[in-house]
file entry_30.cif (mmCIF, C-alpha atoms)
data_entry
loop_
_atom_site.label_atom_id
_atom_site.label_comp_id
_atom_site.auth_asym_id
_atom_site.auth_seq_id
_atom_site.Cartn_x
_atom_site.Cartn_y
_atom_site.Cartn_z
CA MET A 1 -155.29 19.12 -17.07
CA THR A 2 -152.63 20.68 -14.88
CA PRO A 3 -151.00 23.63 -16.73
CA SER A 4 -147.71 22.60 -18.36
CA THR A 5 -145.87 25.49 -16.71
CA VAL A 6 -146.87 24.17 -13.28
CA ALA A 7 -145.80 20.63 -14.19
CA PHE A 8 -142.51 21.93 -15.64
CA ARG A 9 -141.68 23.96 -12.54
CA THR A 10 -142.67 21.10 -10.24
CA ILE A 11 -140.49 18.49 -11.94
CA LEU A 12 -137.54 20.85 -12.43
CA GLY A 13 -137.77 21.98 -8.81
CA LYS A 14 -137.80 18.38 -7.64
CA ASP A 15 -134.71 17.54 -9.72
CA LEU A 16 -132.72 20.58 -8.59
CA ARG A 17 -133.68 20.05 -4.96
CA THR A 18 -132.63 16.39 -5.16
CA GLU A 19 -129.30 17.27 -6.80
CA LEU A 20 -128.56 19.94 -4.19
CA ARG A 21 -129.35 17.42 -1.46
CA THR A 22 -127.53 14.38 -2.84
CA LEU A 23 -124.86 15.92 -5.14
CA GLN A 24 -124.98 12.86 -7.38
CA SER A 25 -124.14 14.45 -10.73
CA LEU A 26 -122.34 17.79 -10.47
CA PRO A 27 -119.40 16.79 -8.25
CA ALA A 28 -118.68 13.77 -10.46
CA MET A 29 -118.85 15.89 -13.61
CA THR A 30 -116.55 18.53 -12.11
CA LEU A 31 -114.03 16.03 -10.82
CA PHE A 32 -113.99 14.27 -14.17
CA ALA A 33 -113.43 17.50 -16.10
CA VAL A 34 -110.66 18.80 -13.83
CA THR A 35 -108.91 15.43 -13.81
CA THR A 36 -109.10 15.29 -17.60
CA PHE A 37 -107.54 18.74 -17.87
CA VAL A 38 -104.69 17.56 -15.63
CA ILE A 39 -104.21 14.48 -17.82
CA PHE A 40 -104.18 16.62 -20.98
CA ARG A 41 -101.71 19.04 -19.42
CA PHE A 42 -99.22 16.33 -18.60
CA GLY A 43 -100.11 14.04 -21.53
CA LEU A 44 -99.57 16.77 -24.10
CA ASP A 45 -96.63 18.16 -22.10
CA ARG A 46 -97.84 21.68 -22.88
CA THR A 47 -98.49 24.57 -20.53
CA SER A 48 -100.30 26.55 -23.19
CA LEU A 49 -102.86 25.62 -25.83
CA SER A 50 -104.53 27.67 -28.52
CA GLY A 51 -106.76 27.40 -31.57
CA SER A 52 -108.13 24.03 -32.59
CA LEU A 53 -106.17 22.09 -29.97
CA ALA A 54 -107.55 24.22 -27.13
CA ALA A 55 -111.07 23.96 -28.52
CA GLY A 56 -110.74 20.19 -28.93
CA VAL A 57 -109.49 19.66 -25.37
CA LEU A 58 -112.25 21.84 -23.94
CA TRP A 59 -115.15 20.31 -25.87
CA ALA A 60 -114.04 16.69 -25.59
CA THR A 61 -113.81 17.14 -21.83
CA LEU A 62 -117.17 18.91 -21.50
CA LEU A 63 -118.90 16.32 -23.70
CA PHE A 64 -117.73 13.33 -21.69
CA ALA A 65 -118.48 15.11 -18.42
CA ALA A 66 -122.00 15.72 -19.75
CA VAL A 67 -122.40 11.99 -20.45
CA LEU A 68 -122.06 11.34 -16.71
CA ALA A 69 -125.13 13.49 -16.00
CA ILE A 70 -127.03 12.17 -19.01
CA ASN A 71 -126.59 8.59 -17.75
CA ARG A 72 -128.20 9.55 -14.43
CA LEU A 73 -130.87 11.94 -15.67
CA PHE A 74 -133.82 9.50 -15.48
CA VAL A 75 -132.50 7.01 -12.93
CA ALA A 76 -134.77 8.29 -10.14
CA GLU A 77 -137.77 8.13 -12.46
CA ARG A 78 -136.89 4.56 -13.38
CA GLU A 79 -135.94 3.24 -9.94
CA GLU A 80 -138.31 5.21 -7.71
CA GLY A 81 -141.46 5.10 -9.82
CA GLY A 82 -141.36 8.64 -11.14
CA PHE A 83 -142.33 7.52 -14.64
CA ASP A 84 -145.53 5.91 -13.31
CA ALA A 85 -146.31 8.92 -11.14
CA ILE A 86 -145.96 11.27 -14.07
CA ARG A 87 -147.94 9.00 -16.39
CA LEU A 88 -150.76 8.90 -13.84
CA ALA A 89 -150.93 12.68 -13.52
CA PRO A 90 -153.14 14.85 -15.75
CA ILE A 91 -150.20 16.62 -17.38
CA ASP A 92 -148.72 17.04 -20.82
CA ARG A 93 -145.82 14.60 -20.68
CA THR A 94 -143.58 16.86 -22.70
CA ALA A 95 -143.35 18.91 -19.49
CA LEU A 96 -141.11 16.07 -18.25
CA PHE A 97 -138.87 16.41 -21.33
CA ALA A 98 -138.67 20.17 -20.90
CA ALA A 99 -137.95 19.93 -17.16
CA LYS A 100 -135.26 17.26 -17.57
CA ALA A 101 -133.61 19.20 -20.41
CA ALA A 102 -133.69 22.34 -18.26
CA ALA A 103 -132.12 20.47 -15.34
CA LEU A 104 -129.35 19.09 -17.57
CA PHE A 105 -128.80 22.57 -19.04
CA ALA A 106 -128.45 23.96 -15.51
CA TYR A 107 -125.94 21.24 -14.55
CA LEU A 108 -123.85 22.03 -17.66
CA VAL A 109 -123.88 25.77 -16.97
CA VAL A 110 -122.78 25.24 -13.35
CA LEU A 111 -120.10 22.78 -14.49
CA GLU A 112 -118.75 25.30 -16.97
CA LEU A 113 -118.76 28.13 -14.44
CA ILE A 114 -116.37 25.99 -12.41
CA VAL A 115 -114.22 24.21 -14.96
CA VAL A 116 -113.81 26.74 -17.79
CA PRO A 117 -111.82 29.07 -15.47
CA VAL A 118 -109.74 26.03 -14.50
CA PHE A 119 -109.19 25.33 -18.21
CA ALA A 120 -108.12 28.96 -18.71
CA VAL A 121 -105.63 28.78 -15.81
CA PHE A 122 -104.19 25.49 -17.07
CA PHE A 123 -103.95 26.24 -20.78
CA LEU A 124 -104.70 29.80 -21.92
CA ASP A 125 -102.30 32.74 -22.16
CA SER A 126 -105.20 35.18 -22.26
CA ALA A 127 -108.73 35.10 -20.92
CA ALA A 128 -109.99 37.57 -23.53
CA GLY A 129 -111.79 34.86 -25.50
CA LEU A 130 -113.85 33.63 -22.58
CA ALA A 131 -116.58 36.28 -22.80
CA PRO A 132 -117.61 35.48 -26.41
CA LEU A 133 -117.05 31.79 -25.63
CA ALA A 134 -119.98 32.01 -23.22
CA ALA A 135 -122.40 32.33 -26.14
CA VAL A 136 -120.96 29.18 -27.74
CA LEU A 137 -121.15 27.31 -24.44
CA LEU A 138 -124.79 28.26 -23.86
CA LEU A 139 -125.92 27.28 -27.37
CA ALA A 140 -123.98 24.00 -27.24
CA ASP A 141 -125.38 23.27 -23.77
CA LEU A 142 -128.90 23.69 -25.10
CA GLY A 143 -128.24 21.18 -27.86
CA LEU A 144 -126.57 18.74 -25.47
CA ALA A 145 -129.50 19.10 -23.07
CA ALA A 146 -132.10 18.38 -25.76
CA THR A 147 -130.23 15.45 -27.31
CA GLY A 148 -129.05 14.05 -23.98
CA THR A 149 -132.54 14.11 -22.47
CA LEU A 150 -133.99 12.34 -25.48
CA ILE A 151 -131.32 9.62 -25.50
CA SER A 152 -131.34 9.21 -21.73
CA SER A 153 -135.10 8.64 -21.68
CA MET A 154 -134.68 5.88 -24.28
CA ALA A 155 -131.66 4.25 -22.66
CA VAL A 156 -132.85 4.29 -19.06
CA ASN A 157 -135.13 1.30 -19.49
CA SER A 158 -132.27 -0.82 -20.82
CA ARG A 159 -130.09 -2.86 -18.52
CA ALA A 160 -127.11 -1.62 -20.57
CA ARG A 161 -128.07 2.04 -20.17
CA ASP A 162 -124.54 3.14 -19.16
CA LEU A 163 -123.27 1.73 -22.45
CA LEU A 164 -126.27 2.55 -24.62
CA ALA A 165 -126.56 6.26 -23.86
CA PRO A 166 -123.03 7.21 -24.99
CA LEU A 167 -123.15 4.83 -27.97
CA VAL A 168 -126.31 6.47 -29.32
CA LEU A 169 -125.55 9.98 -28.12
CA LEU A 170 -122.03 10.47 -29.41
CA PRO A 171 -122.80 10.04 -33.14
CA LEU A 172 -125.79 12.37 -32.76
CA VAL A 173 -123.74 15.17 -31.22
CA VAL A 174 -120.95 15.08 -33.83
CA PRO A 175 -122.51 18.04 -35.74
CA LEU A 176 -122.91 19.91 -32.46
CA MET A 177 -119.26 19.33 -31.54
CA ILE A 178 -118.05 20.35 -35.02
CA ALA A 179 -119.96 23.61 -34.71
CA ALA A 180 -118.90 24.21 -31.09
CA THR A 181 -115.21 23.63 -31.81
CA GLY A 182 -115.48 25.60 -35.06
CA ALA A 183 -116.90 28.58 -33.16
CA SER A 184 -114.45 28.23 -30.26
CA GLU A 185 -111.23 27.80 -32.27
CA PRO A 186 -110.81 31.46 -33.39
CA LEU A 187 -111.84 32.67 -29.92
CA LEU A 188 -108.98 30.74 -28.32
CA GLY A 189 -106.34 31.69 -30.90
CA VAL A 190 -102.91 33.09 -30.15
CA GLY A 191 -103.09 36.86 -29.87
CA GLY A 192 -106.67 37.08 -28.65
CA PRO A 193 -110.08 36.23 -30.04
CA ALA A 194 -110.94 36.45 -33.71
CA TYR A 195 -114.42 36.17 -35.19
CA ASP A 196 -113.92 34.32 -38.49
CA ARG A 197 -117.25 32.65 -39.37
CA PHE A 198 -118.28 33.01 -35.73
CA GLY A 199 -121.83 33.99 -36.67
CA THR A 200 -122.14 31.07 -39.06
CA TRP A 201 -121.14 28.57 -36.42
CA LEU A 202 -123.54 30.12 -33.91
CA ALA A 203 -126.32 29.79 -36.49
CA VAL A 204 -125.44 26.12 -36.97
CA LEU A 205 -125.57 25.60 -33.20
CA GLY A 206 -128.94 27.36 -33.02
CA LEU A 207 -130.33 25.27 -35.85
CA TYR A 208 -129.14 22.05 -34.18
CA ASP A 209 -130.78 23.14 -30.91
CA LEU A 210 -134.05 23.93 -32.66
CA ILE A 211 -134.14 20.59 -34.49
CA PHE A 212 -133.53 18.47 -31.40
CA LEU A 213 -135.87 20.48 -29.18
CA LEU A 214 -138.61 19.97 -31.77
CA VAL A 215 -137.77 16.26 -32.17
CA GLY A 216 -137.87 15.84 -28.38
CA TYR A 217 -141.19 17.64 -28.13
CA ALA A 218 -142.65 15.52 -30.93
CA VAL A 219 -141.53 12.05 -29.85
CA PHE A 220 -141.19 12.18 -26.07
CA ASP A 221 -144.80 11.24 -25.38
CA PHE A 222 -144.34 8.01 -27.35
CA LEU A 223 -141.13 7.17 -25.49
CA LEU A 224 -143.06 7.07 -22.21
CA GLU A 225 -145.54 4.46 -23.47
CA ASP A 226 -145.07 0.90 -22.25
CA MET B 227 -178.94 3.27 -15.87
CA THR B 228 -175.46 4.78 -15.50
CA ASP B 229 -172.38 3.44 -17.27
CA PRO B 230 -170.24 1.07 -15.20
CA ALA B 231 -167.04 2.51 -13.75
CA ILE B 232 -165.12 -0.29 -15.44
CA ALA B 233 -166.22 -2.24 -18.52
CA VAL B 234 -163.79 -4.74 -20.03
CA THR B 235 -164.53 -7.03 -22.97
CA GLY B 236 -162.18 -9.64 -24.43
CA LEU B 237 -159.09 -8.09 -22.83
CA ARG B 238 -155.81 -9.67 -23.87
CA ARG B 239 -152.32 -8.58 -22.94
CA GLU B 240 -149.22 -10.28 -24.25
CA PHE B 241 -145.60 -10.05 -23.13
CA GLY B 242 -143.65 -11.41 -26.06
CA GLU B 243 -145.37 -14.65 -27.02
CA ARG B 244 -146.89 -15.21 -23.56
CA ALA B 245 -150.41 -14.00 -22.84
CA ALA B 246 -150.63 -12.63 -19.30
CA LEU B 247 -154.34 -11.93 -19.74
CA ASP B 248 -156.52 -13.66 -22.31
CA GLY B 249 -160.19 -12.96 -22.94
CA ILE B 250 -161.05 -11.12 -19.72
CA ASP B 251 -164.61 -9.79 -19.44
CA LEU B 252 -165.48 -7.60 -16.50
CA SER B 253 -168.01 -4.99 -15.44
CA LEU B 254 -167.92 -2.99 -12.21
CA PRO B 255 -170.63 -0.45 -11.33
CA ALA B 256 -169.59 2.82 -9.72
CA GLY B 257 -169.38 2.68 -5.94
CA GLU B 258 -168.69 -1.06 -5.77
CA SER B 259 -165.61 -2.99 -4.70
CA LEU B 260 -164.00 -5.67 -6.82
CA VAL B 261 -161.48 -8.06 -5.29
CA VAL B 262 -159.06 -9.73 -7.72
CA LEU B 263 -157.59 -13.06 -6.64
CA GLY B 264 -155.18 -15.45 -8.26
CA PRO B 265 -151.80 -17.13 -7.93
CA ASN B 266 -148.49 -15.48 -8.78
CA GLY B 267 -148.21 -14.79 -12.48
CA ALA B 268 -151.96 -14.86 -13.11
CA GLY B 269 -151.94 -11.30 -14.44
CA LYS B 270 -153.48 -9.45 -11.48
CA THR B 271 -150.96 -6.62 -11.52
CA THR B 272 -151.07 -6.49 -15.32
CA LEU B 273 -154.85 -6.02 -15.18
CA LEU B 274 -154.50 -3.26 -12.61
CA ARG B 275 -151.84 -1.44 -14.65
CA ILE B 276 -154.00 -1.60 -17.78
CA LEU B 277 -156.94 -0.10 -15.86
CA ALA B 278 -154.59 2.59 -14.53
CA THR B 279 -153.56 3.51 -18.12
CA LEU B 280 -149.97 2.44 -17.41
CA LEU B 281 -150.07 -0.51 -19.83
CA ARG B 282 -151.73 -0.80 -23.22
CA PRO B 283 -153.98 -3.77 -23.89
CA SER B 284 -152.91 -6.00 -26.78
CA ALA B 285 -156.55 -6.64 -27.75
CA GLY B 286 -160.06 -6.14 -26.43
CA GLU B 287 -162.04 -3.17 -25.27
CA VAL B 288 -161.37 -1.39 -21.97
CA ARG B 289 -163.50 1.46 -20.66
CA VAL B 290 -162.63 3.18 -17.40
CA LEU B 291 -164.87 5.96 -16.03
CA GLY B 292 -166.43 6.21 -19.46
CA ALA B 293 -163.15 6.67 -21.33
CA ARG B 294 -161.95 4.12 -23.85
CA LEU B 295 -158.35 3.03 -23.24
CA PRO B 296 -155.73 3.61 -24.39
CA GLY B 297 -156.99 6.27 -26.82
CA GLU B 298 -158.83 8.38 -24.25
CA ALA B 299 -156.49 7.71 -21.33
CA TRP B 300 -155.88 11.45 -20.94
CA LYS B 301 -159.51 11.84 -19.87
CA VAL B 302 -159.15 9.66 -16.78
CA ARG B 303 -155.64 10.48 -15.60
CA GLY B 304 -156.12 12.44 -12.43
CA ARG B 305 -159.39 10.62 -11.64
CA ILE B 306 -157.64 7.37 -10.71
CA GLY B 307 -155.77 6.60 -7.49
CA PHE B 308 -153.15 3.90 -8.08
CA LEU B 309 -151.32 2.04 -5.34
CA GLY B 310 -148.86 -0.46 -6.80
CA HIS B 311 -145.95 -2.52 -5.55
CA GLU B 312 -143.74 0.56 -5.55
CA PRO B 313 -144.75 3.55 -3.39
CA LEU B 314 -143.92 6.04 -6.21
CA LEU B 315 -142.07 8.23 -3.75
CA TYR B 316 -138.65 9.78 -4.33
CA ARG B 317 -136.18 8.43 -1.79
CA ASP B 318 -134.26 11.66 -1.31
CA LEU B 319 -137.31 13.83 -0.69
CA SER B 320 -139.28 13.86 2.54
CA GLY B 321 -142.80 12.47 2.77
CA ARG B 322 -144.28 15.97 2.79
CA GLU B 323 -142.14 17.06 -0.17
CA ASN B 324 -143.25 13.98 -2.10
CA LEU B 325 -146.90 14.70 -1.40
CA ARG B 326 -146.44 18.35 -2.45
CA PHE B 327 -144.83 17.13 -5.68
CA HIS B 328 -147.79 14.87 -6.46
CA ALA B 329 -150.31 17.51 -5.40
CA ARG B 330 -148.82 20.03 -7.84
CA LEU B 331 -148.82 17.50 -10.67
CA HIS B 332 -152.53 17.09 -9.99
CA GLY B 333 -153.09 20.84 -10.05
CA MET B 334 -153.37 21.30 -6.28
CA THR B 335 -151.38 24.20 -4.89
CA GLY B 336 -151.23 26.64 -1.99
CA GLY B 337 -153.28 26.48 1.18
CA PRO B 338 -155.84 23.88 0.08
CA ALA B 339 -153.05 21.50 -0.96
CA GLU B 340 -151.17 22.01 2.32
CA ALA B 341 -154.38 21.46 4.29
CA ARG B 342 -155.14 18.25 2.38
CA ILE B 343 -151.57 16.97 2.87
CA GLY B 344 -151.69 17.77 6.58
CA ALA B 345 -155.03 16.02 7.00
CA LEU B 346 -153.83 12.91 5.18
CA LEU B 347 -150.59 12.73 7.16
CA ALA B 348 -152.63 12.95 10.36
CA ALA B 349 -155.01 10.29 9.09
CA VAL B 350 -152.19 7.76 8.69
CA GLY B 351 -150.30 8.83 11.82
CA MET B 352 -147.31 10.28 9.98
CA GLU B 353 -147.31 13.95 11.00
CA ARG B 354 -144.19 13.64 13.16
CA ARG B 355 -142.16 11.73 10.57
CA ALA B 356 -143.42 13.63 7.49
CA ASP B 357 -140.29 15.76 7.14
CA GLU B 358 -137.87 12.85 7.13
CA ARG B 359 -136.49 11.58 3.85
CA ILE B 360 -138.19 8.48 2.44
CA VAL B 361 -134.91 6.56 2.53
CA GLU B 362 -134.89 6.93 6.32
CA LEU B 363 -138.38 5.47 6.80
CA SER B 364 -139.46 1.87 7.29
CA ALA B 365 -141.37 -0.02 4.60
CA GLY B 366 -144.58 0.32 6.61
CA MET B 367 -144.20 4.09 6.89
CA ARG B 368 -143.52 4.34 3.17
CA GLN B 369 -146.71 2.39 2.53
CA ARG B 370 -148.67 4.80 4.71
CA LEU B 371 -147.30 7.70 2.67
CA ALA B 372 -148.01 5.84 -0.56
CA ILE B 373 -151.64 5.54 0.53
CA CYS B 374 -151.70 9.31 1.13
CA ARG B 375 -150.28 9.83 -2.37
CA CYS B 376 -152.88 7.49 -3.85
CA VAL B 377 -155.88 9.38 -2.41
CA LEU B 378 -154.35 12.87 -2.35
CA HIS B 379 -156.32 14.14 -5.36
CA GLU B 380 -159.58 12.53 -4.21
CA PRO B 381 -159.84 10.06 -7.10
CA GLU B 382 -163.12 8.49 -8.19
CA LEU B 383 -161.55 5.08 -8.75
CA LEU B 384 -159.02 3.35 -6.50
CA LEU B 385 -156.77 0.67 -7.99
CA LEU B 386 -155.00 -1.05 -5.11
CA ASP B 387 -152.34 -3.76 -5.42
CA GLU B 388 -151.76 -5.46 -2.06
CA PRO B 389 -152.67 -2.21 -0.25
CA GLU B 390 -151.90 -3.50 3.23
CA SER B 391 -148.47 -4.94 2.50
CA ASN B 392 -145.91 -3.93 5.16
CA LEU B 393 -148.60 -2.33 7.35
CA ASP B 394 -148.94 -3.23 11.02
CA ALA B 395 -152.34 -3.64 12.68
CA GLU B 396 -152.61 0.07 13.50
CA GLY B 397 -151.57 1.01 9.97
CA ARG B 398 -154.19 -1.32 8.47
CA GLU B 399 -156.93 0.28 10.51
CA LEU B 400 -155.80 3.81 9.67
CA ALA B 401 -155.50 2.95 5.99
CA ARG B 402 -158.99 1.49 5.97
CA ASN B 403 -160.45 4.96 6.55
CA LEU B 404 -158.77 6.21 3.39
CA ILE B 405 -158.97 3.26 1.01
CA GLY B 406 -161.55 0.95 2.58
CA PRO B 407 -165.06 0.46 1.24
CA ALA B 408 -167.25 3.55 1.30
CA GLU B 409 -170.20 4.95 -0.55
CA GLU B 410 -169.18 6.63 -3.82
CA ARG B 411 -165.78 4.91 -3.66
CA THR B 412 -165.15 2.48 -6.51
CA ARG B 413 -162.32 0.09 -5.74
CA VAL B 414 -160.38 -2.69 -7.41
CA VAL B 415 -158.25 -4.54 -4.87
CA VAL B 416 -155.63 -7.11 -5.84
CA THR B 417 -154.76 -9.34 -2.92
CA HIS B 418 -153.36 -12.66 -1.76
CA ASP B 419 -155.31 -12.29 1.47
CA PRO B 420 -158.95 -13.06 0.56
CA GLU B 421 -160.03 -13.43 4.20
CA ARG B 422 -159.13 -9.83 4.80
CA PHE B 423 -160.78 -8.33 1.72
CA LEU B 424 -163.62 -10.67 0.68
CA PRO B 425 -166.03 -9.44 3.38
CA ASP B 426 -165.96 -6.00 1.76
CA ALA B 427 -166.19 -7.21 -1.81
CA ASP B 428 -169.22 -6.66 -4.03
CA ARG B 429 -167.64 -8.75 -6.79
CA VAL B 430 -164.74 -11.16 -7.05
CA LEU B 431 -162.58 -11.84 -10.06
CA ARG B 432 -160.44 -14.98 -9.97
CA LEU B 433 -157.61 -15.14 -12.43
CA ALA B 434 -155.93 -18.48 -13.03
CA VAL B 435 -152.71 -19.60 -14.63
CA ASP B 436 -153.47 -22.90 -16.27
CA GLY B 437 -152.55 -22.15 -19.83
CA SER B 438 -155.95 -20.76 -20.74
CA ALA B 439 -156.13 -17.99 -18.11
CA GLU B 440 -159.33 -19.18 -16.48
CA LEU B 441 -161.56 -16.41 -15.19
CA THR B 442 -164.27 -16.61 -12.53
CA GLU B 443 -166.57 -13.79 -11.56
CA ALA B 444 -169.08 -13.96 -8.73
CA ALA B 445 -171.37 -11.57 -6.86
CA LEU B 446 -171.22 -12.15 -3.13
CA ARG B 447 -173.93 -9.82 -1.97
#
call {"tool": "encode", "arguments": {"input": "entry_30.cif", "output": "structure tokens"}}
result
Amino acid sequence: MTPSTVAFRTILGKDLRTELRTLQSLPAMTLFAVTTFVIFRFGLDRTSLSGSLAAGVLWATLLFAAVLAINRLFVAEREEGGFDAIRLAPIDRTALFAAKAAALFAYLVVLELIVVPVFAVFFLDSAAGLAPLAAVLLLADLGLAATGTLISSMAVNSRARDLLAPLVLLPLVVPLMIAATGASEPLLGVGGPAYDRFGTWLAVLGLYDLIFLLVGYAVFDFLLED
Amino acid sequence: MTDPAIAVTGLRREFGERAALDGIDLSLPAGESLVVLGPNGAGKTTLLRILATLLRPSAGEVRVLGARLPGEAWKVRGRIGFLGHEPLLYRDLSGRENLRFHARLHGMTGGPAEARIGALLAAVGMERRADERIVELSAGMRQRLAICRCVLHEPELLLLDEPESNLDAEGRELARNLIGPAEERTRVVVTHDPERFLPDADRVLRLAVDGSAELTEAALR
């Protein structure tokens, strides 16, 4: 058996190299997020947002931008025979789950490095809440990566994958979004960040991440069977 | 007496209510070549994918290189070279990058892997085009690279589905050195071109589509 760390690095490296070369996911995600912020700015007719409204705008935008990447996550494996190649190799198939989740996590982090400052320029009076917000973003990204990878691997074999992935994913990430907006709301409040129940919401995010990483690890091998 | 490389008894595979394979019995000793013939829809590719551990049989017993499938499939992955209808190459990577990817998945890294990749690329006449992306190559060139991928990890058993499709005369001759008959090379070849492959066959399996999936097996030598 090839060591799982080697398989993980190989698959992740292939995905990142392909994305850098083709730019199929990140530019679309970024354009979507920035356009959505523009729509919110003019749709709400507000130059400043705070509290729950700011958190809602940010997380709704990031979630739907993430769906764009989730829809494409396994397309190369499906259309170019990657699933067969990986099933033929002497590797633990959960390395594929881990590598795909890591790739999606990396896309989300890069997306947020670009669009969260744009969000701050468009809507926030103060950038003081952005530093603690990074912890919320990272924990929520991990959960989105685990859940999105799992759902994408199931949906990719369906002809209606573009429809199926969001339909199955969105109900599953409701708890994640409640926790992410709950943790973000006091950080984006008027007058600077507050930390009411911040630790509790981070713990909820961590628990969600743990559950879906374990579920992915447990069931992914079966999802690759014919 | 050693175990056969492939031993199949009463193999059945269904897709919905239709049986693509029904009651297939087959034995292939190590080092021999089996040619599988049959019309479209006879189940040739299905048989090959079951032997490659890519499909699960619906019923029957399948042993490949001593491992019972599908339960012990993990034992034979890495010992099989599979060449299917698709080249299993990523379009946006170059031929060399694709071969490196597959080499690493099979535990081959560093200098030995690079040497093996270089030798295979030379063997199929693709050294000069190896750093171009797959999407920029012709179907014949992709097939040459797919053959390199198939034999990269020096598998004990080759499962080949129309291995010479898209190859020109030169490509066929070059490919023959890598996937043609040879001592210690066990092969299952699915083809619609019996004149090309029957001379090399030790055994022939004829699959039929007549409702009962008629099977014929014959030793030619």
call {"tool": "resolve_selection", "arguments": {"input": "entry_30.cif", "expression": "the PyMOL selection byres ((chain B and resi 373-383) around 8)", "output": "PyMOL selection string"}}
result
chain B and resi 231+304-309+325+328-329+332+334+342-343+346-347+350+369-372+384-385+389+401+404-405+410-414
call {"tool": "closest_atom_pairs", "arguments": {"input": "entry_30.cif", "of": "chain A", "to": "chain B", "cutoff": "6 Å", "atoms": "all atoms listed in the file", "output": "Markdown table"}}
result
| residue | atom | partner | partner_atom | distance |
| --- | --- | --- | --- | --- |
| A:Thr2 | CA | B:Gly333 | CA | 4.9 |
| A:Ala7 | CA | B:Leu331 | CA | 5.6 |
| A:Glu80 | CA | B:Tyr316 | CA | 5.7 |
| A:Gly81 | CA | B:Leu314 | CA | 4.5 |
| A:Leu88 | CA | B:Arg303 | CA | 5.4 |
| A:Ala89 | CA | B:Gly304 | CA | 5.3 |
| A:Pro90 | CA | B:Arg303 | CA | 5.0 |
| A:Asp226 | CA | B:Leu281 | CA | 5.7 |
call {"tool": "write_last_selection", "arguments": {"input": "entry_30.cif", "atoms": "C-alpha atoms", "output": "CSV table (one decimal), in the coordinates of the input"}}
result
chain,number,residue,atom,x,y,z
A,2,THR,CA,-152.6,20.7,-14.9
A,7,ALA,CA,-145.8,20.6,-14.2
A,80,GLU,CA,-138.3,5.2,-7.7
A,81,GLY,CA,-141.5,5.1,-9.8
A,88,LEU,CA,-150.8,8.9,-13.8
A,89,ALA,CA,-150.9,12.7,-13.5
A,90,PRO,CA,-153.1,14.8,-15.8
A,226,ASP,CA,-145.1,0.9,-22.2
call {"tool": "residues_around", "arguments": {"input": "entry_30.cif", "residues": "region 165-179 of chain A", "least_positions_apart": "4", "cutoff": "9 Å", "atoms": "only C-alpha atoms", "output": "PDB file with C-alpha atoms, keeping the file's coordinate frame"}}
result
ATOM      1  CA  GLY A  56    -110.740  20.190 -28.930  1.00  0.00           C
ATOM      2  CA  TRP A  59    -115.150  20.310 -25.870  1.00  0.00           C
ATOM      3  CA  ALA A  60    -114.040  16.690 -25.590  1.00  0.00           C
ATOM      4  CA  LEU A  63    -118.900  16.320 -23.700  1.00  0.00           C
ATOM      5  CA  PHE A  64    -117.730  13.330 -21.690  1.00  0.00           C
ATOM      6  CA  VAL A  67    -122.400  11.990 -20.450  1.00  0.00           C
ATOM      7  CA  ILE A  70    -127.030  12.170 -19.010  1.00  0.00           C
ATOM      8  CA  ASN A  71    -126.590   8.590 -17.750  1.00  0.00           C
ATOM      9  CA  VAL A 136    -120.960  29.180 -27.740  1.00  0.00           C
ATOM     10  CA  ALA A 140    -123.980  24.000 -27.240  1.00  0.00           C
ATOM     11  CA  GLY A 143    -128.240  21.180 -27.860  1.00  0.00           C
ATOM     12  CA  LEU A 144    -126.570  18.740 -25.470  1.00  0.00           C
ATOM     13  CA  THR A 147    -130.230  15.450 -27.310  1.00  0.00           C
ATOM     14  CA  GLY A 148    -129.050  14.050 -23.980  1.00  0.00           C
ATOM     15  CA  ILE A 151    -131.320   9.620 -25.500  1.00  0.00           C
ATOM     16  CA  SER A 152    -131.340   9.210 -21.730  1.00  0.00           C
ATOM     17  CA  MET A 154    -134.680   5.880 -24.280  1.00  0.00           C
ATOM     18  CA  ALA A 155    -131.660   4.250 -22.660  1.00  0.00           C
ATOM     19  CA  VAL A 156    -132.850   4.290 -19.060  1.00  0.00           C
ATOM     20  CA  ALA A 160    -127.110  -1.620 -20.570  1.00  0.00           C
ATOM     21  CA  ARG A 161    -128.070   2.040 -20.170  1.00  0.00           C
ATOM     22  CA  ALA A 183    -116.900  28.580 -33.160  1.00  0.00           C
ATOM     23  CA  SER A 184    -114.450  28.230 -30.260  1.00  0.00           C
ATOM     24  CA  THR A 200    -122.140  31.070 -39.060  1.00  0.00           C
ATOM     25  CA  TRP A 201    -121.140  28.570 -36.420  1.00  0.00           C
ATOM     26  CA  LEU A 202    -123.540  30.120 -33.910  1.00  0.00           C
ATOM     27  CA  VAL A 204    -125.440  26.120 -36.970  1.00  0.00           C
ATOM     28  CA  LEU A 205    -125.570  25.600 -33.200  1.00  0.00           C
ATOM     29  CA  TYR A 208    -129.140  22.050 -34.180  1.00  0.00           C
ATOM     30  CA  ASP A 209    -130.780  23.140 -30.910  1.00  0.00           C
TER      31      ASP A 209
END
call {"tool": "axis_aligned_box", "arguments": {"input": "entry_30.cif", "around": "region 151-164 of chain A", "padding_each_side": "4 Å", "output": "AutoDock Vina command-line options"}}
result
--center_x -129.2 --center_y 3.4 --center_z -22.0 --size_x 19.9 --size_y 20.5 --size_z 15.0
call {"tool": "resolve_selection", "arguments": {"input": "entry_30.cif", "expression": "the PyMOL selection byres ((chain A and resi 218) around 12)", "output": "PyMOL selection string"}}
result
chain A and resi 92-95+97-98+150+211-217+219-223
